[in-house]
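Undergrad: If it helps, the file is called input32.cif and holds mmCIF, C-alpha atoms:
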data_model
#
loop_
_atom_site.label_atom_id
_atom_site.label_comp_id
_atom_site.auth_asym_id
_atom_site.auth_seq_id
_atom_site.Cartn_x
_atom_site.Cartn_y
_atom_site.Cartn_z
CA MET A 26 25.11 -0.51 8.20
CA ASN A 27 24.41 -2.43 4.99
CA THR A 28 21.00 -2.60 3.35
CA PRO A 29 19.11 -5.91 3.50
CA THR A 30 19.89 -8.32 0.66
CA ILE A 31 17.23 -8.66 -2.02
CA SER A 32 17.10 -11.72 -4.27
CA LEU A 33 15.72 -10.45 -7.59
CA PRO A 34 14.60 -13.89 -8.90
CA MET A 35 12.83 -14.59 -5.62
CA LEU A 36 11.29 -11.12 -5.62
CA ARG A 37 9.93 -11.54 -9.15
CA PHE A 38 8.45 -14.90 -8.19
CA PHE A 39 6.86 -13.50 -5.03
CA ARG A 40 5.41 -10.53 -6.90
CA ARG A 41 3.62 -12.93 -9.26
CA ILE A 42 2.18 -14.71 -6.24
CA VAL A 43 0.98 -11.40 -4.78
CA SER A 44 -0.68 -10.40 -8.07
CA GLY A 45 -2.49 -13.72 -8.14
CA TYR A 46 -3.65 -13.24 -4.55
CA PHE A 47 -5.25 -9.92 -5.38
CA ARG A 48 -6.93 -11.32 -8.50
CA ARG A 49 -8.46 -14.16 -6.50
CA HIS A 50 -9.49 -12.29 -3.37
CA PHE A 51 -10.55 -8.84 -4.61
CA HIS A 52 -12.87 -7.49 -7.28
CA ALA A 53 -10.31 -4.81 -8.21
CA VAL A 54 -7.40 -2.75 -6.94
CA ARG A 55 -8.10 0.94 -7.48
CA ILE A 56 -5.85 3.91 -6.80
CA SER A 57 -6.17 7.69 -6.60
CA GLY A 58 -3.29 10.17 -6.59
CA ALA A 59 -0.82 7.71 -8.18
CA SER A 60 1.07 10.59 -9.83
CA ARG A 61 2.30 11.65 -6.37
CA PHE A 62 4.28 8.42 -6.06
CA THR A 63 7.42 9.77 -7.71
CA HIS A 64 11.10 10.00 -6.88
CA ASP A 65 12.65 13.47 -7.23
CA GLY A 66 16.10 12.51 -5.99
CA LYS A 67 15.35 12.99 -2.31
CA PRO A 68 15.07 9.99 0.02
CA LEU A 69 11.49 8.67 -0.12
CA ILE A 70 9.45 7.11 2.68
CA VAL A 71 5.92 5.84 2.10
CA TYR A 72 3.90 5.62 5.31
CA ALA A 73 0.41 4.11 5.47
CA ASN A 74 -2.41 3.40 7.86
CA HIS A 75 -2.44 -0.23 9.00
CA THR A 76 -5.83 -1.88 8.56
CA SER A 77 -5.09 -5.53 7.84
CA TRP A 78 -2.77 -8.37 6.91
CA TRP A 79 -3.06 -7.26 3.27
CA ASP A 80 -1.16 -3.97 3.76
CA PRO A 81 2.35 -5.37 3.08
CA MET A 82 0.97 -7.07 -0.03
CA VAL A 83 -0.30 -3.66 -1.18
CA SER A 84 3.20 -2.20 -0.94
CA ILE A 85 4.62 -5.08 -3.00
CA LEU A 86 1.96 -4.59 -5.68
CA LEU A 87 2.46 -0.82 -5.84
CA ALA A 88 6.24 -1.16 -5.97
CA GLU A 89 5.96 -3.51 -8.94
CA GLU A 90 3.32 -1.52 -10.83
CA LEU A 91 4.47 2.05 -10.19
CA MET A 92 8.19 2.06 -9.33
CA ALA A 93 9.75 -1.26 -10.28
CA GLU A 94 13.09 0.35 -11.16
CA ARG A 95 13.90 1.06 -7.51
CA LYS A 96 14.53 -1.26 -4.56
CA HIS A 97 11.92 -1.29 -1.82
CA TYR A 98 12.31 -2.17 1.86
CA ALA A 99 10.13 -2.44 4.94
CA PRO A 100 10.58 -3.28 8.63
CA MET A 101 8.85 -6.28 10.20
CA ASP A 102 8.55 -7.65 13.71
CA ALA A 103 11.62 -9.83 14.29
CA GLU A 104 9.66 -12.75 15.77
CA ALA A 105 7.19 -12.79 12.89
CA LEU A 106 9.97 -12.54 10.33
CA GLU A 107 11.68 -15.60 11.81
CA ARG A 108 8.56 -17.60 10.97
CA TYR A 109 8.76 -16.48 7.33
CA PRO A 110 12.50 -16.36 6.56
CA ILE A 111 11.88 -16.11 2.81
CA LEU A 112 10.72 -12.52 3.38
CA LYS A 113 14.26 -11.56 4.39
CA ARG A 114 15.25 -12.00 0.74
CA LEU A 115 12.51 -9.63 -0.43
CA GLY A 116 13.60 -6.46 1.33
CA LEU A 117 12.01 -6.94 4.75
CA PHE A 118 14.29 -6.45 7.72
CA PRO A 119 13.77 -7.45 11.38
CA ILE A 120 12.93 -5.01 14.16
CA GLU A 121 12.55 -5.93 17.83
CA MET A 122 9.26 -4.36 18.77
CA LYS A 123 8.88 -2.38 22.01
CA THR A 124 12.60 -2.32 22.83
CA ALA A 125 15.27 0.38 22.70
CA ARG A 126 17.38 -1.97 20.63
CA GLY A 127 14.57 -2.25 18.10
CA ALA A 128 14.41 1.54 17.77
CA VAL A 129 18.14 1.65 17.04
CA GLN A 130 17.77 -1.16 14.50
CA PHE A 131 15.04 0.75 12.69
CA LEU A 132 17.02 3.98 12.55
CA ARG A 133 20.25 2.35 11.37
CA THR A 134 18.68 0.18 8.72
CA GLY A 135 16.30 2.91 7.62
CA LEU A 136 19.15 5.38 7.14
CA ALA A 137 21.11 2.79 5.14
CA VAL A 138 18.12 2.08 2.90
CA LEU A 139 17.48 5.74 2.19
CA ALA A 140 21.16 6.50 1.62
CA SER A 141 21.29 3.70 -0.96
CA GLY A 142 18.40 5.20 -2.94
CA GLY A 143 15.88 2.62 -1.81
CA VAL A 144 12.26 3.37 -0.94
CA LEU A 145 11.20 2.66 2.64
CA TRP A 146 7.63 1.56 3.45
CA VAL A 147 6.36 1.81 7.02
CA THR A 148 3.10 1.51 8.97
CA PRO A 149 3.81 3.87 11.89
CA GLN A 150 0.70 2.92 13.88
CA GLY A 151 2.46 -0.36 14.65
CA ARG A 152 -0.80 -2.32 14.96
CA PHE A 153 -3.97 -3.12 13.06
CA SER A 154 -6.52 -0.34 13.44
CA ASP A 155 -9.84 0.63 11.88
CA PRO A 156 -9.50 3.31 9.18
CA ARG A 157 -12.10 5.42 11.03
CA GLU A 158 -10.05 5.56 14.23
CA ARG A 159 -9.08 9.11 15.22
CA PRO A 160 -6.81 10.66 16.20
CA LEU A 161 -4.04 8.64 14.61
CA GLN A 162 -1.28 7.61 16.98
CA PHE A 163 2.20 6.75 15.70
CA LYS A 164 4.83 4.65 17.39
CA PRO A 165 8.15 6.47 17.93
CA GLY A 166 10.65 6.19 15.12
CA LEU A 167 9.35 7.65 11.88
CA ALA A 168 9.85 11.31 12.76
CA ALA A 169 13.23 10.49 14.33
CA LEU A 170 14.31 8.81 11.10
CA ALA A 171 13.17 11.81 9.05
CA VAL A 172 15.19 14.19 11.26
CA ARG A 173 18.33 12.07 10.93
CA THR A 174 17.90 11.80 7.16
CA GLY A 175 18.09 15.59 7.00
CA SER A 176 16.13 16.14 3.81
CA CYS A 177 13.48 13.72 2.54
CA ASN A 178 9.91 13.28 1.35
CA LEU A 179 7.33 11.27 3.27
CA LEU A 180 4.31 10.20 1.22
CA PRO A 181 1.06 9.29 3.01
CA LEU A 182 -0.87 6.29 1.68
CA ALA A 183 -4.48 5.69 2.74
CA ILE A 184 -5.80 2.13 2.44
CA GLU A 185 -9.33 0.67 2.68
CA TYR A 186 -10.88 -2.67 1.73
CA PRO A 187 -14.63 -1.96 1.42
CA PHE A 188 -17.35 -4.06 -0.13
CA TRP A 189 -19.21 -2.34 -2.94
CA ASP A 190 -21.71 -4.24 -5.09
CA GLU A 191 -19.76 -7.42 -5.73
CA ARG A 192 -19.16 -10.62 -3.78
CA LEU A 193 -15.51 -9.68 -3.25
CA PRO A 194 -14.22 -6.43 -1.72
CA GLU A 195 -12.32 -3.63 -3.39
CA THR A 196 -8.78 -2.57 -2.53
CA LEU A 197 -8.93 1.24 -2.51
CA LEU A 198 -5.78 3.34 -2.27
CA HIS A 199 -5.01 7.05 -2.21
CA PHE A 200 -1.66 8.83 -2.12
CA GLY A 201 -1.95 12.15 -0.31
CA ASP A 202 0.28 15.20 -0.46
CA ALA A 203 3.90 14.50 0.47
CA VAL A 204 5.43 15.96 3.61
CA SER A 205 8.83 17.49 2.91
CA VAL A 206 11.43 17.52 5.69
CA VAL A 207 14.39 19.88 5.71
CA PRO A 208 17.30 20.25 8.15
CA GLY A 209 16.25 22.01 11.31
CA ASP A 210 12.76 20.54 11.58
CA SER A 211 11.98 19.11 15.02
CA GLU A 212 10.68 15.59 15.58
CA ALA A 213 7.50 16.87 17.24
CA ALA A 214 6.71 19.22 14.37
CA ILE A 215 7.39 16.54 11.76
CA GLU A 216 5.19 13.96 13.48
CA GLU A 217 2.32 16.44 13.73
CA ARG A 218 2.57 17.17 10.01
CA LEU A 219 2.79 13.46 9.17
CA ILE A 220 -0.35 12.65 11.15
CA THR A 221 -2.23 15.59 9.64
CA ALA A 222 -1.27 14.55 6.09
CA LEU A 223 -2.25 10.89 6.57
CA GLU A 224 -5.56 11.81 8.21
CA ALA A 225 -6.31 14.10 5.25
CA ALA A 226 -5.51 11.30 2.80
CA MET A 227 -7.74 8.89 4.74
CA ARG A 228 -10.64 11.37 4.77
CA HIS A 229 -10.29 11.86 1.02
CA LEU A 230 -10.27 8.12 0.39
CA GLN A 231 -13.26 7.63 2.66
CA ALA A 232 -15.22 10.23 0.66
CA LEU A 233 -14.32 8.48 -2.61
CA ALA A 234 -15.20 5.06 -1.21
CA ILE A 235 -18.65 6.22 -0.10
CA THR A 236 -19.55 7.24 -3.66
CA ARG A 237 -18.84 3.71 -4.97
CA ARG A 238 -17.69 5.31 -8.21
CA ALA A 239 -14.97 3.32 -9.95
CA THR A 240 -14.37 6.28 -12.28
CA ALA A 241 -12.95 8.23 -9.32
CA PHE A 242 -9.98 5.85 -9.37
CA THR A 243 -7.45 4.41 -11.75
CA THR A 244 -7.87 0.64 -11.94
CA LEU A 245 -4.52 -0.91 -11.12
CA ALA A 246 -5.61 -4.55 -11.34
CA ARG A 247 -8.82 -6.47 -11.98
CA GLY A 248 -9.77 -9.50 -9.97
CA THR A 249 -12.70 -11.88 -9.71
CA ALA A 250 -16.16 -10.63 -10.66
CA GLY A 251 -19.59 -12.10 -10.20
CA THR A 252 -21.55 -13.81 -7.47
CA GLY A 253 -20.46 -17.36 -8.25
CA GLY A 254 -22.39 -20.52 -7.54
CA PHE A 255 -25.89 -21.32 -8.79
CA TYR A 256 -26.83 -17.66 -9.30
CA ALA A 257 -23.93 -17.09 -11.71
CA LEU A 258 -24.76 -20.32 -13.57
CA TRP A 259 -28.38 -19.20 -14.00
CA ARG A 260 -27.32 -15.81 -15.38
CA ARG A 261 -24.98 -17.50 -17.88
CA MET A 262 -27.74 -19.82 -19.05
CA ARG A 263 -30.22 -16.96 -19.40
CA ALA A 264 -27.74 -14.90 -21.41
CA GLY A 265 -27.30 -17.84 -23.76
CA PHE A 266 -30.99 -17.71 -24.73
CA GLN A 267 -31.24 -13.93 -24.99
CA PRO A 268 -29.59 -11.36 -27.32
CA GLN A 269 -27.30 -10.00 -24.62
CA THR A 270 -23.72 -10.34 -23.47
CA TYR A 271 -23.10 -12.12 -20.22
CA ARG A 272 -21.54 -9.83 -17.60
CA PRO A 273 -20.34 -11.51 -14.40
CA GLU A 274 -20.58 -8.32 -12.30
CA HIS A 275 -23.58 -8.08 -10.01
CA THR A 276 -23.90 -4.39 -10.91
CA VAL A 277 -22.58 -2.99 -14.19
CA VAL A 278 -20.39 0.02 -13.44
CA GLN A 279 -18.34 2.33 -15.57
CA GLU A 280 -14.71 1.53 -14.92
CA GLY A 281 -11.99 4.07 -14.28
CA THR A 282 -8.82 4.28 -16.35
CA ARG A 283 -6.83 1.07 -16.51
CA MET A 284 -3.31 1.68 -15.20
CA ARG A 285 -1.67 -0.73 -17.65
CA GLU A 286 -3.39 0.97 -20.57
CA GLY A 287 -2.46 4.49 -19.55
CA THR A 288 0.54 6.29 -18.22
CA LYS A 289 1.93 5.15 -14.93
#
Represent the structure from my file as structure tokens, please.
TA:
Amino acid sequence: MNTPTISLPMLRFFRRIVSGYFRRHFHAVRISGASRFTHDGKPLIVYANHTSWWDPMVSILLAEELMAERKHYAPMDAEALERYPILKRLGLFPIEMKTARGAVQFLRTGLAVLASGGVLWVTPQGRFSDPRERPLQFKPGLAALAVRTGSCNLLPLAIEYPFWDERLPETLLHFGDAVSVVPGDSEAAIEERLITALEAAMRHLQALAITRRATAFTTLARGTAGTGGFYALWRRMRAGFQPQTYRPEHTVVQEGTRMREGTK
């Protein structure tokens, strides 16, 4: 089984579009545990909770910012992918949902991706779900793929999109501790460990989100700040007549480390 074809010019163009989307629709993209997103030579699978339409865009942004030297792939519902055929050139491959054939497609393509050195991104819940939902329930396939790979790392990624003090929400991300799989592990044991690891990552991110402390994260990208409209215009005018610098943020906060200014 061959890996899906990726058009590098098209991928670069689409990544610019994604970056612009985040700048326009979020106050910032913030990440915790980014150092865990590494490649030690073993096949790597990133698996995340599935909260919204933005989740695939998150994977594209993280791939570009943190591991651009590798190729990245992800499964997508075959019917949905037919409506957006351009995505086939970006590393997304079709899977027939809820069929035995779809399960075989996922395993074959997933094995080919991992064997080629690519990074596989999956949302094993298979549906949108609130980040507070417990216990997590995974669709069949991820643990089966891990068993057939033989030896690999599976990295949990927790995702939330909360509102803090600004007009636009934050994208908050946290990489948890990787789950290592070795030959001989059973599917049931692997799935239990995967769920436990992702739930732990989601609890940690929830605790960070509640604090509303930007310094608890590394800032991956900055977006739109300020309230906009008449209120923002009034604040600009007032700053012009007073010895102070205009700040568009509703609440001035101490920012965390900027990813582009530090070490990725």
Undergrad: I want to know what sits within 8 Å of stretch 146-151 of chain A, based on only C-alpha atoms, with residues of the same chain fewer than 6 positions away left out; could you give that as an MDAnalysis selection string?
TA: chainID A and resid 70:75 84 97:100 161:167
Undergrad: Please, what distance in Å, to one decimal, runs between atom CA of A:Pro160 and atom CA of A:Leu197?
TA: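 Atom CA of A:Leu197 lies 21.1 Å from atom CA of A:Pro160.
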Undergrad: Using all atoms listed in the file, can you tell me which of A:Ala53, A:Ile85, A:Val207, A:Ala234 comes closest to A:Cys177?
TA: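 Ranking A:Ala53, A:Ile85, A:Val207, A:Ala234 by distance to A:Cys177, first place goes to A:Val207.
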Undergrad: Determine, counting all atoms listed in the file, which protein, DNA and RNA residues have an atom within 6 Å of an atom of stretch 45-51 of chain A; residues of the same chain fewer than 2 positions away are not included. Present the result as an mmCIF file with C-alpha atoms, keeping the file's coordinate frame.
TA:
data_model
loop_
_atom_site.group_PDB
_atom_site.id
_atom_site.type_symbol
_atom_site.label_atom_id
_atom_site.label_comp_id
_atom_site.auth_asym_id
_atom_site.auth_seq_id
_atom_site.Cartn_x
_atom_site.Cartn_y
_atom_site.Cartn_z
ATOM 1 C CA ILE A 42 2.180 -14.710 -6.240
ATOM 2 C CA VAL A 43 0.980 -11.400 -4.780
ATOM 3 C CA ALA A 53 -10.310 -4.810 -8.210
ATOM 4 C CA LEU A 193 -15.510 -9.680 -3.250
ATOM 5 C CA PRO A 194 -14.220 -6.430 -1.720
ATOM 6 C CA GLU A 195 -12.320 -3.630 -3.390
ATOM 7 C CA GLY A 248 -9.770 -9.500 -9.970
ATOM 8 C CA THR A 249 -12.700 -11.880 -9.710
#
Undergrad: Quick one: of A:Met101, A:Leu106, A:Ala128, A:Val54, who's nearest to A:Leu86, counting only C-alpha atoms?
TA: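 Nearest to A:Leu86: A:Val54.
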Undergrad: Rounded to one decimal in Å, what is the spacing between atom CA of A:Pro29 and atom CA of A:Leu117?
TA: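 Straight-line distance from atom CA of A:Pro29 to atom CA of A:Leu117 works out to 7.3 Å.
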Undergrad: The PyMOL selection byres ((chain A and resi 170) around 9) on the file shown: which residues, as a ChimeraX atom specification?
TA: /A:131-133,135-136,166-169,171-175,212
Undergrad: Give the answer as one residue: which of A:Met92, A:Val204, A:Ala140, A:Ile31 has the shortest atom-to-atom distance to A:Glu217, using all atoms listed in the file?
TA: A:Val204
Undergrad: Go ahead and compute the interatomic distance for atom CA of A:Glu216 and atom CA of A:Lys123, in Å to one decimal.
TA: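 Result for atom CA of A:Glu216 versus atom CA of A:Lys123: 18.8 Å, one decimal.
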Undergrad: Name the residues that the PyMOL selection byres ((chain A and resi 55) around 7) picks from the file above, as an MDAnalysis selection string, using the file's chain letters and numbers.
TA: chainID A and resid 53:54 56 196:198 242:245
Undergrad: Identify all residues satisfying the PyMOL selection byres ((chain A and resi 142) around 9) in the given file; provide them as an NGL selection string.
TA: :A and (66-69 or 95-96 or 137-141 or 143-144)
Undergrad: Convert the current residue selection to file output with C-alpha atoms, as a PDB file, in the coordinates of the input.
TA:
ATOM      1  CA  GLY A  66      16.100  12.510  -5.990  1.00  0.00           C
ATOM      2  CA  LYS A  67      15.350  12.990  -2.310  1.00  0.00           C
ATOM      3  CA  PRO A  68      15.070   9.990   0.020  1.00  0.00           C
ATOM      4  CA  LEU A  69      11.490   8.670  -0.120  1.00  0.00           C
ATOM      5  CA  ARG A  95      13.900   1.060  -7.510  1.00  0.00           C
ATOM      6  CA  LYS A  96      14.530  -1.260  -4.560  1.00  0.00           C
ATOM      7  CA  ALA A 137      21.110   2.790   5.140  1.00  0.00           C
ATOM      8  CA  VAL A 138      18.120   2.080   2.900  1.00  0.00           C
ATOM      9  CA  LEU A 139      17.480   5.740   2.190  1.00  0.00           C
ATOM     10  CA  ALA A 140      21.160   6.500   1.620  1.00  0.00           C
ATOM     11  CA  SER A 141      21.290   3.700  -0.960  1.00  0.00           C
ATOM     12  CA  GLY A 143      15.880   2.620  -1.810  1.00  0.00           C
ATOM     13  CA  VAL A 144      12.260   3.370  -0.940  1.00  0.00           C
TER      14      VAL A 144
END
Undergrad: Considering all atoms listed in the file, can you say which of A:Met82, A:Ala103, A:Ile111, A:Leu87 comes closest to A:Ser32?
TA: A:Ile111
Undergrad: Name all residues at most 7 Å from A:Phe200 (count all atoms listed in the file; drop same-chain ones fewer than 2 positions away) and give them as a PyMOL selection string.
TA: chain A and resi 57-59+61+180-183+198+202+226
Undergrad: Using only C-alpha atoms for the distances, tell me which of A:Val129, A:Ala88, A:Met227, A:Leu179 is nearest to A:Val206.
TA: A:Leu179
